[in-house]
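Presented below is the structure to which this report refers.
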Amino acid sequence: MKIKIVFAFTLLLAGMLACASPVSGTAPANVETIVAETFAALTVPSPEISATPPPVTVSLLSHSMYFLNADGGGQVQVYRLENDGVTVTQITFEPAKVESYDVSLADGSVAYVTNNQIFTVNADGSNRSMIVDGGPAAPDDAFINHINVPLWSPDGQTIIYSYRGINLYSIIDGQSTLILEDNLQTENGFTFGEVNIPVSYSSDGSKLLVNIVVLASDGGTMAVFTPGNHSLVRLTANHRICCALQWAGDNNTLFGGYASYNPFVGPGLWRVNGTSGVVTDLIASLTKGDSLLNFASNPFLASDGQLYFFYATLPYTQQEDVSRVPLQLVRSAADGVTDRTVLRPETYENLNEALWAPDASFVVAVIAPAQDVYQGGAAQLVYTDGTKGAISLLPFAMNMKWGP
């Protein structure tokens, strides 16, 4: 039996060498030499196996996760949590705070705004380079002369950002092009009108969600912009919608929800058609004879067609404001209603952010330390199957994004 094993191994090894390319023009050894060397190798004692095996690297997260946090000097910087869920790396080291940033899914490069300028760095923080200079910006000017929200295109070839309109910066050419101008007018030294702020790309880069801010007003709306033909489709709804909308995998549908109640925006769950701009209420603000308020937050449509989101209902008592609602993690069909099931018993009253795993197997939830804190908080990993407990990831994180 041993001879058969050695003979089979010899034939396999000879075949591998016969198919390999010669090195430095030297012909491979003949079969007899291979057989002799093989028998000699089989008679060499095996080395002792170490009693302490090398450590095994465990990937807790599906990708590395980027976030904002203050450094030792109190300035907000970009950090990265590696996919082991433990190792944290500081990416930027700016003298002034980082106001907004984005991560290239092509190679992990970071584009960020600080001091009204856009810089880029490699994934390891090296090769810091300024690509856009917005000049001096007034401290009370958040939009007109201020650079906002750089976004990498999915292919990593361009960076889109807001500065008196939506601009497209080419990595190859090193040039910016204004592709959607803000609608602004100035009278008697006062500027008013609309400012366009990019929010997020569809996964294929064909569409861009845009927040339209109306200056000197509590109004505003959202729209879908198509960079390819410069078309802008405003969202149409019978009420105001706001906040983060999540692109679905078809690159045309978005889902959104709101988990507060105030005079400006009602709670509920919505689906948006990115071509027509039509907003459909999946879960209305009020149901059952206007006796219950419905709250939904951070919806995510998984690849299996199931919709995951945070949800709660409260009796409607004519109160003016409800800002913090104890939400629960639920799953339903894509309509937000059919087979809606609570996945975990916990409630999340101070939920500020949620970053979903691509397969919806877990969500990273950021919980504020107090009710009046509306940005950042402790980040914890919450499994959607309900069989595992939550895992604490970071004591503070804000504006989380997945890396490549």
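Ligands are numbered from 1 in the order shown, chains are lettered A, B, ... in the order of the structure tokens, and residues start at 1 in each chain.
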Neighbour list for Asn273 in chain A as a PDB file with N, CA and C atoms, in the first residue's frame, cut-off 7 Å, only C-alpha atoms, skip fewer than 5 positions in-chain:
ATOM      1  N   ASN A 252     -32.105  52.044  -8.140  1.00  0.00           N
ATOM      2  CA  ASN A 252     -33.169  52.992  -8.496  1.00  0.00           C
ATOM      3  C   ASN A 252     -34.125  53.250  -7.337  1.00  0.00           C
ATOM      4  N   THR A 253     -34.266  52.288  -6.440  1.00  0.00           N
ATOM      5  CA  THR A 253     -35.200  52.421  -5.316  1.00  0.00           C
ATOM      6  C   THR A 253     -34.445  52.827  -4.061  1.00  0.00           C
ATOM      7  N   LEU A 254     -35.084  53.706  -3.270  1.00  0.00           N
ATOM      8  CA  LEU A 254     -34.542  54.089  -1.983  1.00  0.00           C
ATOM      9  C   LEU A 254     -35.586  53.852  -0.905  1.00  0.00           C
ATOM     10  N   VAL A 278     -41.299  59.677  -7.151  1.00  0.00           N
ATOM     11  CA  VAL A 278     -42.523  59.458  -6.381  1.00  0.00           C
ATOM     12  C   VAL A 278     -42.197  58.747  -5.067  1.00  0.00           C
ATOM     13  N   VAL A 279     -42.732  59.288  -3.972  1.00  0.00           N
ATOM     14  CA  VAL A 279     -42.551  58.721  -2.640  1.00  0.00           C
ATOM     15  C   VAL A 279     -43.825  57.996  -2.237  1.00  0.00           C
TER      16      VAL A 279
END
message = List the spatial neighbours of Gly389 in chain A as a PyMOL selection string - criterion: any atom at most 12 Å away, only C-alpha atoms, same-chain residues fewer than 3 positions off excluded.
response = chain A and resi 344-346+362+380-386+392
Could the residues of range 112-149 of chain A that have an atom at most 12 Å from range 178-183 of chain A be listed as JSON lines, each with its closest atom pair and the distance in Å to one decimal, counting only C-alpha atoms and ordered by chain and ascending residue number?
{"residue": "A:Phe143", "atom": "CA", "partner": "A:Asp182", "partner_atom": "CA", "distance": 10.2}
{"residue": "A:Ile144", "atom": "CA", "partner": "A:Asp182", "partner_atom": "CA", "distance": 8.9}
{"residue": "A:Asn145", "atom": "CA", "partner": "A:Asp182", "partner_atom": "CA", "distance": 11.3}
message = Please determine, counting only C-alpha atoms, which residue among A:Ala284, A:Val364, A:Leu394, A:Val132 has the shortest atom-to-atom distance to Asn167 in chain A.
response = A:Val132
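Restricting the calculation to only C-alpha atoms, the smallest distance between Gly277 in chain A and any of A:Cys242, A:Leu209, A:Gly220, A:Gln328 is found for A:Leu209.
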key: strand (DSSP E or B) positions in range 142-253 of chain A, given as number ranges by chain   = A: 148-152, 158-162, 165-170, 176-181, 183-187, 190-201, 208-214, 220-226, 231-234, 236, 245-247, 253
request  = Compare A:Ser176, A:Arg324, A:Leu343, A:Gln90 by their minimum atom-to-atom distance to Ala368 in chain A, counting only C-alpha atoms, and give me the closest one.
outcome  =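 Of the candidates, the smallest distance to Ala368 in chain A is held by A:Arg324.
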